[in-house]
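**Student:** Next comes run01.cif, mmCIF, C-alpha atoms (C1' of nucleotides):
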```cif
data_upload
#
loop_
_atom_site.label_atom_id
_atom_site.label_comp_id
_atom_site.auth_asym_id
_atom_site.auth_seq_id
_atom_site.Cartn_x
_atom_site.Cartn_y
_atom_site.Cartn_z
CA MET Z 188 -8.46 23.68 171.96
CA THR Z 189 -9.14 26.13 174.70
CA ARG Z 190 -12.69 27.10 175.15
CA ASP Z 191 -14.46 29.96 176.71
CA PRO Z 192 -16.32 28.51 179.66
CA LYS Z 193 -18.99 31.11 179.12
CA ASP Z 194 -19.62 29.95 175.58
CA THR Z 195 -22.80 28.03 176.04
CA SER Z 196 -23.58 27.09 172.47
CA ALA Z 197 -21.10 24.27 172.02
CA TRP Z 198 -21.11 23.08 175.57
CA ILE Z 199 -22.62 19.63 176.04
CA PRO Z 200 -24.11 18.75 179.40
CA LEU Z 201 -22.32 16.02 181.30
CA PRO Z 202 -25.21 13.54 181.26
CA GLY Z 203 -25.28 13.81 177.49
CA LEU Z 204 -21.58 13.09 177.25
CA LEU Z 205 -21.89 10.15 179.60
CA ASP Z 206 -24.81 8.75 177.64
CA VAL Z 207 -23.15 9.02 174.27
CA ALA Z 208 -19.98 7.42 175.60
CA SER Z 209 -21.96 4.65 177.23
CA GLU Z 210 -23.91 4.09 174.07
CA ALA Z 211 -20.80 3.92 171.91
CA LEU Z 212 -19.22 1.45 174.27
CA PHE Z 213 -22.36 -0.59 174.44
CA VAL Z 214 -22.65 -0.77 170.69
CA GLU Z 215 -19.24 -2.39 170.50
CA PHE Z 216 -20.26 -4.83 173.17
CA ARG Z 217 -23.54 -5.71 171.49
CA ALA Z 218 -21.89 -6.23 168.14
CA GLU Z 219 -19.68 -8.91 169.61
CA LEU Z 220 -22.33 -10.45 171.79
CA GLU Z 221 -24.71 -10.87 168.91
CA GLN Z 222 -22.17 -12.85 166.99
CA SER Z 223 -21.68 -15.20 169.86
CA GLU Z 224 -23.88 -18.11 170.79
CA TYR Z 225 -25.65 -15.83 173.27
CA GLY Z 226 -27.01 -13.53 170.64
CA ASP Z 227 -30.56 -13.91 171.86
CA ILE Z 228 -29.78 -12.05 175.06
CA ARG Z 229 -31.25 -8.56 174.86
CA PRO Z 230 -30.07 -5.46 176.67
CA THR Z 231 -33.02 -5.66 179.05
CA HIS Z 232 -31.81 -8.96 180.36
CA GLY Z 233 -28.80 -7.19 181.75
CA CYS Z 234 -30.56 -6.28 184.97
CA VAL Z 235 -30.55 -9.96 185.88
CA PHE Z 236 -27.05 -10.84 184.70
CA ARG Z 237 -25.66 -7.80 186.48
CA PHE Z 238 -26.88 -8.79 189.91
CA VAL Z 239 -27.49 -12.51 190.04
CA GLN Z 240 -24.68 -14.79 191.07
CA GLY Z 241 -24.10 -17.93 193.09
CA GLU Z 242 -27.06 -18.99 195.19
CA GLY Z 243 -29.31 -16.49 193.52
CA LEU Z 244 -31.35 -13.47 194.49
CA ARG Z 245 -34.98 -12.85 195.23
CA LEU Z 246 -37.00 -11.01 192.67
CA THR Z 247 -37.56 -8.20 195.14
CA ASP Z 248 -33.84 -7.77 195.65
CA ILE Z 249 -33.05 -7.70 191.97
CA ALA Z 250 -35.79 -5.17 191.43
CA GLU Z 251 -34.48 -2.94 194.19
CA ARG Z 252 -30.90 -3.01 192.94
CA ALA Z 253 -32.00 -2.45 189.37
CA GLY Z 254 -34.32 0.37 190.36
CA MET Z 255 -37.28 -1.33 188.70
CA THR Z 256 -40.56 -2.84 189.77
CA LYS Z 257 -40.91 -6.48 190.69
CA GLN Z 258 -43.32 -6.96 187.82
CA SER Z 259 -40.90 -5.72 185.22
CA VAL Z 260 -38.07 -7.84 186.50
CA GLY Z 261 -40.43 -10.78 186.77
CA GLU Z 262 -41.22 -10.55 183.10
CA ILE Z 263 -37.55 -10.44 182.22
CA VAL Z 264 -36.85 -13.44 184.41
CA ASP Z 265 -39.68 -15.34 182.72
CA ASP Z 266 -38.00 -14.68 179.44
CA LEU Z 267 -34.60 -15.80 180.67
CA VAL Z 268 -36.11 -18.96 182.10
CA GLU Z 269 -37.78 -19.74 178.78
CA ARG Z 270 -34.47 -19.25 177.04
CA GLY Z 271 -32.70 -21.49 179.49
CA TYR Z 272 -30.46 -18.88 181.09
CA ALA Z 273 -32.10 -18.66 184.50
CA GLN Z 274 -34.18 -20.70 186.88
CA ARG Z 275 -36.29 -20.16 189.96
CA VAL Z 276 -35.56 -22.36 192.92
CA PRO Z 277 -37.56 -22.32 196.15
CA ALA Z 278 -36.00 -20.11 198.77
CA PRO Z 279 -35.05 -22.00 201.92
CA GLY Z 280 -37.10 -20.89 204.90
CA ASP Z 281 -39.75 -18.94 203.00
CA ARG Z 282 -42.24 -20.77 200.89
CA ARG Z 283 -43.40 -17.59 199.19
CA ALA Z 284 -40.04 -16.67 197.82
CA LYS Z 285 -37.93 -18.09 195.04
CA LEU Z 286 -34.29 -17.56 194.42
CA ILE Z 287 -33.50 -16.56 190.90
CA CYS Z 288 -30.22 -18.01 189.80
CA LEU Z 289 -28.46 -18.74 186.56
CA THR Z 290 -28.35 -22.08 184.83
CA GLU Z 291 -25.04 -23.44 183.66
CA ARG Z 292 -25.65 -21.82 180.31
CA GLY Z 293 -26.60 -18.63 182.08
CA GLU Z 294 -23.35 -18.56 183.99
CA ALA Z 295 -21.41 -19.20 180.83
CA ALA Z 296 -23.21 -16.32 179.17
CA GLN Z 297 -22.53 -14.07 182.14
CA ALA Z 298 -18.85 -14.93 182.09
CA HIS Z 299 -18.72 -14.36 178.35
CA GLY Z 300 -20.43 -11.02 178.72
CA ARG Z 301 -18.00 -9.87 181.36
CA LYS Z 302 -15.11 -10.88 179.18
CA LEU Z 303 -16.54 -8.90 176.30
CA PHE Z 304 -17.00 -5.83 178.46
CA ALA Z 305 -13.44 -6.13 179.65
CA LYS Z 306 -12.26 -6.53 176.08
CA VAL Z 307 -14.05 -3.41 174.89
CA GLU Z 308 -12.77 -1.45 177.86
CA LYS Z 309 -9.25 -2.58 177.09
CA ARG Z 310 -9.69 -1.47 173.50
CA TRP Z 311 -10.71 1.95 174.73
CA ALA Z 312 -7.76 2.01 177.07
CA GLU Z 313 -5.49 1.59 174.08
CA ARG Z 314 -7.43 4.17 172.13
CA TYR Z 315 -7.67 6.91 174.73
CA GLY Z 316 -4.93 6.07 177.19
CA ALA Z 317 -4.84 3.35 179.78
CA GLU Z 318 -4.35 5.66 182.70
CA ARG Z 319 -7.11 7.98 181.60
CA ILE Z 320 -9.59 5.14 181.29
CA ALA Z 321 -8.44 3.80 184.62
CA ALA Z 322 -8.99 7.21 186.16
CA LEU Z 323 -12.40 7.34 184.52
CA ARG Z 324 -13.33 4.00 186.01
CA GLY Z 325 -11.99 4.99 189.40
CA LEU Z 326 -13.97 8.18 189.53
CA LEU Z 327 -17.12 6.54 188.26
CA GLU Z 328 -16.87 3.74 190.80
CA GLU Z 329 -16.54 6.31 193.53
CA ILE Z 330 -19.50 8.25 192.21
CA VAL Z 331 -21.70 5.21 191.83
CA ALA Z 332 -20.82 3.95 195.30
CA ALA Z 333 -21.85 7.34 196.69
CA GLU Z 334 -24.86 8.10 194.56
CA ALA Z 335 -26.40 4.68 194.00
CA PRO Z 336 -24.88 2.13 196.40
CA TYR Z 337 -27.86 -0.18 195.98
CA ALA Z 338 -26.81 -0.68 192.37
CA VAL Z 339 -23.41 -2.03 193.36
CA PRO Z 340 -23.57 -5.78 193.98
CA GLU Z 341 -20.61 -5.72 196.27
CA LEU Z 342 -22.04 -2.94 198.40
CA ALA Z 343 -25.57 -4.21 198.38
CA LYS Z 344 -24.51 -6.96 200.74
CA PRO Z 345 -23.78 -6.24 204.42
CA GLU Z 346 -20.21 -5.34 203.63
CA PRO Z 347 -19.71 -1.60 204.07
CA ALA Z 348 -16.81 -0.54 201.92
CA VAL Z 349 -14.09 1.44 203.61
CA ALA Z 350 -12.65 4.25 201.59
CA MET M 233 -19.01 -15.13 201.50
CA THR M 234 -15.33 -15.65 200.77
CA ARG M 235 -14.23 -14.27 197.49
CA ASP M 236 -11.19 -14.53 195.34
CA PRO M 237 -9.56 -11.11 194.97
CA LYS M 238 -9.34 -11.73 191.26
CA ASP M 239 -13.00 -12.58 191.16
CA THR M 240 -14.76 -10.41 188.65
CA SER M 241 -18.17 -10.74 190.22
CA ALA M 242 -17.93 -7.31 191.84
CA TRP M 243 -16.58 -5.69 188.73
CA ILE M 244 -19.05 -3.41 187.04
CA PRO M 245 -18.83 -2.91 183.29
CA LEU M 246 -17.98 0.59 182.16
CA PRO M 247 -21.29 1.23 180.38
CA GLY M 248 -23.09 0.40 183.59
CA LEU M 249 -20.97 2.85 185.55
CA LEU M 250 -21.50 5.54 182.94
CA ASP M 251 -25.23 4.96 182.94
CA VAL M 252 -25.62 5.07 186.68
CA ALA M 253 -23.55 8.23 186.91
CA SER M 254 -25.51 9.84 184.12
CA GLU M 255 -28.76 8.85 185.74
CA ALA M 256 -27.74 10.25 189.13
CA LEU M 257 -26.68 13.51 187.54
CA PHE M 258 -29.84 13.68 185.51
CA VAL M 259 -32.02 13.13 188.55
CA GLU M 260 -30.52 16.20 190.18
CA PHE M 261 -31.13 18.16 187.02
CA ARG M 262 -34.74 17.02 186.70
CA ALA M 263 -35.51 17.78 190.30
CA GLU M 264 -34.55 21.40 189.77
CA LEU M 265 -36.10 21.71 186.36
CA GLU M 266 -39.44 20.41 187.56
CA GLN M 267 -39.60 23.08 190.19
CA SER M 268 -39.01 25.78 187.64
CA GLU M 269 -41.56 27.29 185.32
CA TYR M 270 -40.42 24.83 182.65
CA GLY M 271 -41.53 21.79 184.56
CA ASP M 272 -43.63 20.51 181.67
CA ILE M 273 -40.54 19.80 179.61
CA ARG M 274 -39.92 16.06 179.52
CA PRO M 275 -36.60 14.28 179.02
CA THR M 276 -37.59 13.34 175.49
CA HIS M 277 -37.77 16.96 174.51
CA GLY M 278 -34.05 17.18 175.07
CA CYS M 279 -33.24 16.00 171.58
CA VAL M 280 -34.63 19.28 170.28
CA PHE M 281 -33.20 21.59 172.91
CA ARG M 282 -29.80 19.99 172.53
CA PHE M 283 -29.45 20.72 168.86
CA VAL M 284 -31.66 23.60 167.89
CA GLN M 285 -30.33 27.11 168.11
CA GLY M 286 -30.50 30.36 166.22
CA GLU M 287 -32.09 30.11 162.80
CA GLY M 288 -33.24 26.61 163.43
CA LEU M 289 -32.69 23.18 161.99
CA ARG M 290 -34.57 20.91 159.65
CA LEU M 291 -36.35 17.94 161.08
CA THR M 292 -34.08 15.66 159.10
CA ASP M 293 -30.99 17.23 160.61
CA ILE M 294 -32.24 17.01 164.15
CA ALA M 295 -33.16 13.39 163.60
CA GLU M 296 -29.74 12.56 162.22
CA ARG M 297 -27.88 14.23 165.07
CA ALA M 298 -30.13 12.66 167.65
CA GLY M 299 -29.87 9.25 166.03
CA MET M 300 -33.62 8.96 165.72
CA THR M 301 -36.19 8.75 162.95
CA LYS M 302 -37.80 11.85 161.51
CA GLN M 303 -41.19 10.63 162.66
CA SER M 304 -40.13 10.35 166.28
CA VAL M 305 -38.56 13.77 166.29
CA GLY M 306 -41.56 15.14 164.47
CA GLU M 307 -43.83 14.00 167.24
CA ILE M 308 -41.63 15.60 169.84
CA VAL M 309 -41.55 18.84 167.90
CA ASP M 310 -45.35 18.78 167.64
CA ASP M 311 -45.47 18.56 171.37
CA LEU M 312 -43.03 21.41 171.86
CA VAL M 313 -44.97 23.57 169.42
CA GLU M 314 -48.19 22.90 171.31
CA ARG M 315 -46.49 23.88 174.54
CA GLY M 316 -45.14 27.06 173.02
CA TYR M 317 -41.45 26.20 173.14
CA ALA M 318 -40.79 25.69 169.44
CA GLN M 319 -42.11 26.74 166.08
CA ARG M 320 -41.79 25.70 162.48
CA VAL M 321 -40.92 28.37 160.00
CA PRO M 322 -40.74 27.81 156.23
CA ALA M 323 -37.23 27.10 155.07
CA PRO M 324 -35.97 29.68 152.61
CA GLY M 325 -35.48 28.16 149.17
CA ASP M 326 -37.25 24.89 149.78
CA ARG M 327 -41.00 24.81 150.12
CA ARG M 328 -41.01 21.28 151.46
CA ALA M 329 -38.81 21.99 154.40
CA LYS M 330 -39.41 23.86 157.60
CA LEU M 331 -36.87 25.15 160.02
CA ILE M 332 -37.56 24.17 163.57
CA CYS M 333 -36.50 26.87 165.96
CA LEU M 334 -37.25 27.90 169.49
CA THR M 335 -39.71 30.54 170.54
CA GLU M 336 -38.64 33.18 173.00
CA ARG M 337 -39.94 31.00 175.79
CA GLY M 338 -38.10 28.06 174.26
CA GLU M 339 -34.83 29.92 174.27
CA ALA M 340 -35.36 30.98 177.84
CA ALA M 341 -36.00 27.36 178.77
CA GLN M 342 -32.90 26.24 176.90
CA ALA M 343 -30.77 28.80 178.67
CA HIS M 344 -32.26 27.83 182.00
CA GLY M 345 -31.60 24.17 181.31
CA ARG M 346 -27.99 24.81 180.45
CA LYS M 347 -27.55 26.79 183.62
CA LEU M 348 -29.01 23.95 185.64
CA PHE M 349 -26.70 21.44 184.01
CA ALA M 350 -23.75 23.68 184.74
CA LYS M 351 -24.90 24.06 188.31
CA VAL M 352 -25.20 20.33 188.89
CA GLU M 353 -21.81 19.75 187.29
CA LYS M 354 -20.28 22.37 189.54
CA ARG M 355 -21.82 20.68 192.55
CA TRP M 356 -20.21 17.44 191.49
CA ALA M 357 -16.93 19.21 190.97
CA GLU M 358 -17.06 20.29 194.59
CA ARG M 359 -18.08 16.84 195.68
CA TYR M 360 -15.58 14.77 193.72
CA GLY M 361 -12.84 17.24 192.88
CA ALA M 362 -12.85 19.96 190.28
CA GLU M 363 -9.86 18.57 188.41
CA ARG M 364 -11.22 15.06 188.28
CA ILE M 365 -14.55 16.24 186.93
CA ALA M 366 -12.74 18.47 184.45
CA ALA M 367 -10.64 15.51 183.36
CA LEU M 368 -13.79 13.43 183.07
CA ARG M 369 -15.38 16.04 180.85
CA GLY M 370 -12.26 16.38 178.76
CA LEU M 371 -11.96 12.68 178.13
CA LEU M 372 -15.65 12.31 177.40
CA GLU M 373 -15.61 15.19 174.95
CA GLU M 374 -12.72 13.58 173.16
CA ILE M 375 -14.48 10.23 173.09
CA VAL M 376 -17.75 11.66 171.87
CA ALA M 377 -16.04 13.68 169.18
CA ALA M 378 -14.36 10.51 167.96
CA GLU M 379 -17.18 8.02 168.37
CA ALA M 380 -20.25 10.07 167.57
CA PRO M 381 -19.29 13.35 165.91
CA TYR M 382 -22.75 13.77 164.44
CA ALA M 383 -24.03 14.20 167.98
CA VAL M 384 -21.83 17.18 168.65
CA PRO M 385 -23.51 20.39 167.51
CA GLU M 386 -20.23 22.17 167.11
CA LEU M 387 -18.78 19.47 164.91
CA ALA M 388 -21.94 18.71 163.03
CA LYS M 389 -21.66 21.88 161.04
CA PRO M 390 -18.67 24.09 160.39
CA GLU M 391 -20.68 26.91 161.84
CA PRO M 392 -19.19 29.97 163.49
CA ALA M 393 -19.55 29.12 167.15
CA VAL M 394 -18.73 32.62 168.34
CA ALA M 395 -21.13 35.44 167.62
"C1'" DG Y 143 -55.03 -19.38 218.24
"C1'" DT Y 144 -56.51 -16.08 215.58
"C1'" DA Y 145 -57.14 -11.49 213.72
"C1'" DA Y 146 -54.60 -7.97 211.61
"C1'" DC Y 147 -50.94 -6.68 209.14
"C1'" DC Y 148 -46.73 -7.22 206.27
"C1'" DT Y 149 -44.10 -9.34 202.31
"C1'" DG Y 150 -42.91 -12.03 197.95
"C1'" DG Y 151 -44.65 -12.80 193.71
"C1'" DT Y 152 -48.13 -12.78 189.86
"C1'" DC Y 153 -51.96 -11.11 186.71
"C1'" DA Y 154 -54.09 -7.56 184.00
"C1'" DG Y 155 -54.02 -3.44 181.80
"C1'" DG Y 156 -51.94 0.99 180.30
"C1'" DC Y 157 -48.54 4.42 178.84
"C1'" DT Y 158 -44.32 6.35 176.66
"C1'" DG Y 159 -40.95 6.42 173.44
"C1'" DC Y 160 -39.48 4.73 169.82
"C1'" DC Y 161 -39.80 2.06 165.24
"C1'" DT Y 162 -41.55 0.54 160.34
"C1'" DT Y 163 -44.43 1.10 156.35
"C1'" DA Y 164 -46.71 4.01 153.22
"C1'" DC Y 165 -47.48 8.29 151.14
"C1'" DA Y 166 -48.04 13.33 149.44
"C1'" DA Y 167 -45.62 17.44 148.30
"C1'" DC Y 168 -41.77 19.44 146.38
"C1'" DA Y 169 -36.86 19.54 144.18
"C1'" DA Y 170 -33.54 18.61 140.60
"C1'" DG Y 171 -31.80 16.69 136.42
"C1'" DG Y 172 -32.46 14.72 132.12
"C1'" DC O 194 -42.60 16.63 130.86
"C1'" DC O 195 -40.95 12.26 133.48
"C1'" DT O 196 -38.00 10.09 136.81
"C1'" DT O 197 -35.70 9.91 140.89
"C1'" DG O 198 -34.46 11.65 145.35
"C1'" DT O 199 -35.73 14.41 149.52
"C1'" DT O 200 -38.77 16.63 153.26
"C1'" DG O 201 -42.10 15.93 156.19
"C1'" DT O 202 -46.58 13.50 157.73
"C1'" DA O 203 -49.99 9.68 158.82
"C1'" DA O 204 -50.99 5.23 160.72
"C1'" DG O 205 -50.00 1.38 163.17
"C1'" DG O 206 -46.99 -1.68 166.01
"C1'" DC O 207 -43.83 -3.14 169.65
"C1'" DA O 208 -40.61 -3.17 173.66
"C1'" DG O 209 -39.98 -1.85 178.07
"C1'" DC O 210 -41.49 -0.07 181.63
"C1'" DC O 211 -45.31 1.38 185.01
"C1'" DT O 212 -49.70 1.19 188.36
"C1'" DG O 213 -53.44 -1.28 190.62
"C1'" DA O 214 -55.41 -5.40 192.32
"C1'" DC O 215 -54.69 -9.65 194.17
"C1'" DC O 216 -53.29 -14.26 196.61
"C1'" DA O 217 -50.40 -17.25 199.27
"C1'" DG O 218 -47.45 -17.31 202.86
"C1'" DG O 219 -45.08 -15.08 206.98
"C1'" DT O 220 -45.21 -12.11 211.35
"C1'" DT O 221 -46.99 -9.76 215.23
"C1'" DA O 222 -50.25 -8.58 218.96
"C1'" DC O 223 -53.57 -9.78 221.76
#
```
Give the structure from the file, written as C-alpha cells.
**Tutor:**
Amino acid sequence: MTRDPKDTSAWIPLPGLLDVASEALFVEFRAELEQSEYGDIRPTHGCVFRFVQGEGLRLTDIAERAGMTKQSVGEIVDDLVERGYAQRVPAPGDRRAKLICLTERGEAAQAHGRKLFAKVEKRWAERYGAERIAALRGLLEEIVAAEAPYAVPELAKPEPAVA
Amino acid sequence: MTRDPKDTSAWIPLPGLLDVASEALFVEFRAELEQSEYGDIRPTHGCVFRFVQGEGLRLTDIAERAGMTKQSVGEIVDDLVERGYAQRVPAPGDRRAKLICLTERGEAAQAHGRKLFAKVEKRWAERYGAERIAALRGLLEEIVAAEAPYAVPELAKPEPAVA
DNA sequence: GTAACCTGGTCAGGCTGCCTTACAACAAGG
DNA sequence: CCTTGTTGTAAGGCAGCCTGACCAGGTTAC
C-alpha cells in the first residue's frame, strides 16, 4: 500500500490519527471501568488520578500539571471528595494550602485504573505487534518529556531525567 | 522519595501519551494557522474540513464520519457558511438533502491547513527522527483503519482517490 | 511592626461544544 | 393515497472548562 506523498486527499494529519487512536483505546478502557465498582468515575476525574499519589498534591500543582485552572480542578476535587475517592488534608507549614490525596478507595480505584490501562495496552500489543507498540510508547514518552514535561509526574519533581 | 523500580506510579497510560503528543502537535499547528489569513477557523471546524472535498457531502455523512450528531455538525456548517468557507448546494435527486462543499476560499484554507500539518509533522520528523515518525504514522494509520474506518475519508467511500 | 505585595484556594458567572427531544419536508413502497 | 423511513432544522439542556473578583494566610521591605 504505497502512497504518493503528494496525494493530499487521503492523507490524515498526525493529530487526527493520534486522537482517533487515543479515543479508540480510551473507549476500551471506559467500557471495562464502567463495569467495575468504580463506574461512577468520569473521564474528567482523570486529571486528579493521574497526578495525585502518596502524601498528596496542592490544588495549584495539580492544575499546573494538568494544564487547567485551579477553579476547574477544584470543582473536580469537590466531586471526588463527595464520592469518597479523595480528601483534602491541611498542608504542613502553610495554613492556606491543603494537600489533595486519595482515600483508600481512591487508591484502589487508581490501581484498578492503571491495571485496566495496562491490560488494554497489552491487548493492542497482541493486535498490532508488541515491539511496535513498545516503540510507539517509547517515542511518545520521549516526545511528552520534551514537549510537556510538566505533565509527567516523574519529571515534575526535582528529578531531572537523564537521557 | 525512594521508589520501587517496578512501581507503576510514573507509568503514563497510552491514551494520555497520545493526547499530550496530539495536543503539542496541534498547538504548533494552531499557532501558525492563527497568524494566517484563516485565523478565524476554530478547531471545531475541523470536522468539516477533514471530510468535505470535491462535490461535497451530506450533513448526515459528515456527522457519521465525525462521530457527532447532525445538529452539532449543522451548527458548525452554519458558522462556516457565514464565514464564507462553505456552502450548501441542493443535492441532485433528493430535494431534502443538501451537499455541503467548500467555497473557493474554503478550499484554499483546507489546502493551507494540510500544508501546515505537513510542515509541523516534518519538523517533528527532524526533531525525533524521520523513520520513527514515519513508523508512528504507519502504525497509527493501521490502527485507525482497523478501529475507526468510518473516520478515514479514503475508506469511508470506495471513491477514486486519484484524479 | 506594619504596609505592601504575593500565593493558595474559593465563589460567581459565562462560554463553547456537544447532546437530546421534537418536528417539518421529502422519499419510497405498498 | 397512507405509512414508514430519511434529511435537515429548531429549541433547550448539560458538562467541562474559562475569566474576574475576592479572602485568608504568607513574605518582604522598610
**Student:** Output the contact residues of chain O with respect to chain M at a cut-off of 9 Å, based on all atoms listed in the file, as a list of chain:residue names.
**Tutor:**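 Contact residues on the first chain: O:DT199, O:DT200, O:DG201, O:DT202.
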**Student:** Determine the residue set returned by the PyMOL selection byres ((chain M) within 9 of (chain Z)) for the present structure, and present it as number ranges by chain.
**Tutor:** M: 240-258, 282, 285, 343, 346, 349-350, 353, 360, 364-365, 367-369, 371-376, 379-380, 383-387, 393-394
**Student:** For a quick check: superposing chain Z on chain M using all C-alpha atoms in order, what RMSD comes out?
**Tutor:**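 That gives an RMSD of 3.4 Å.
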**Student:** Might you pull out every residue within 8 Å of region 152-167 of chain Y, with all atoms listed in the file counted and same-chain residues fewer than 6 positions away left off, and present them as a ChimeraX atom specification?
**Tutor:** /Z:258 /M:276,301,304,328 /O:207,211
**Student:** Taking only C-alpha atoms (C1' of nucleotides) into account and nothing else, which residues of chain Y lie no more than 9 Å away from chain Z? Please answer as a PyMOL selection string.
**Tutor:** chain Y and resi 149-152
**Student:** Please list, as a ChimeraX atom specification, the residues that have an atom at most 12 Å away from (-48.4, 23.2, 175.1) in the coordinates of this file, counting all atoms listed in the file.
**Tutor:** /M:270-274,308-319,337-338
**Student:** What is the CA of Ile332 (chain M) to C1' of DA169 (chain Y) distance in Å?
**Tutor:** 19.9 Å
**Student:** For a test of reading the model, state the distance in Å between CA of Ala218 (chain Z) and CA of Cys279 (chain M), rounded to one decimal.
**Tutor:**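 These two atoms are separated by 25.2 Å.
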